[in-house]
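J.: Have a look at this one.
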Amino acid sequence: MKTILFLFTSLISTICLSQSKHTTIDAETHKIIPYVSVFKNDTLVGITDKKGEVFLIENNYTYKKDGYTQNISNDKEIKLEKGFEDYLDEMIIEKPRKTTTRKFGKVEAHQVFMKDLEFINFIEPKKDEINKLIYKISYQLGKRESFKLSESIFRFSIYNAQKEKIYYEFIESDSYDLSIIPNQTINIPKNGVYISLEYLGKTNSENNPNDFFILTDLFYKTSTFYKRNYLYKNNWETYEEIENNERFSTLYKNYPEPKFTKFKNITPVFTIEFY
């Protein structure tokens, strides 16, 4: 028995020691790039942390991040080149003196937030909201009994009416109030915009990835689109297209109370402050 235990311990030690640190940096500025998705054969195997670091077994991996050209490498230091310059320089947005708040959706369920699934909502402005600026977008997380909330990583994005991404940022949060204040001015044109939220996991991979709920509307009146980024699929899908597919179906059709047997749309509930 001691021999078996020794062999098992040695095997675990060997596996742990075989992992090495890989760091992602900007090829031009040499600055750290955090939260880069790491794929092996189109399967997401990790995300670099806020220091741009990830521990992996030696192998070729594909490193992908919005705004950069993907890189396939087995180097310890991975340099990513910028792919496009669509994003404006960051700026500090001061809190406006007066804002108006609009709520989207009503809370009908508390559900586990599925990793790497992007929820995309169309924002059609009311008459008095046209060309107003977005100050803050807020989502509400729910507490799970017997779990302590740990720091999570989210990606928030904004697309124009042609479904072209015009803004994104990564958010680290250990609060049940998940709020995003874009660091550039973004107005709501007459033809509207899309906003999206995606849960990427924990900053510390040892923490429970499901230590919170996301408050959701199960019958949201406006179409919600879904991007299954865990399959690295870039197409926007409707609920009818995705409802019977693998992980989505298992989680979102079976998790809520039995009375919710058929949904129109599933979307996180959120509010937007305009000014």
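By convention here, the chains of the structure tokens are called A, B, ... in the order presented, each chain's residues are numbered starting at 1, and ligands are numbered starting at 1 in the order presented.
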Could you write out, as a PyMOL selection string, all the residues of range 66-185 of chain A that DSSP marks as strand (DSSP E)?
T.: chain A and resi 71-73+77-80+100-104+109-112+117-123+134-143+152-159+165-173+177-180
J.: Of the candidates A:Gln111, A:Asn244, A:Ser37, A:Asn160, which one gets nearest to Asn191 in chain A if we count only C-alpha atoms?
T.: A:Asn160
J.: Tell me which of A:Asp26, A:Asp217, A:Asp211, A:Glu53 sits closest to Phe147 in chain A, counting only C-alpha atoms.
T.: A:Asp211
J.: Quick one: residues within 12 Å of Ile166 in chain A, only C-alpha atoms counted, chain neighbours fewer than 2 positions away excluded, as number ranges by chain?
T.: A: 66-67, 84-88, 156-164, 168-169, 182, 184-187, 193-196
J.: What does the distance between CA of Asn183 in chain A and CA of Lys50 in chain A come to in Å, to one decimal place?
T.: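 Interatomic distance here is 18.3 Å.
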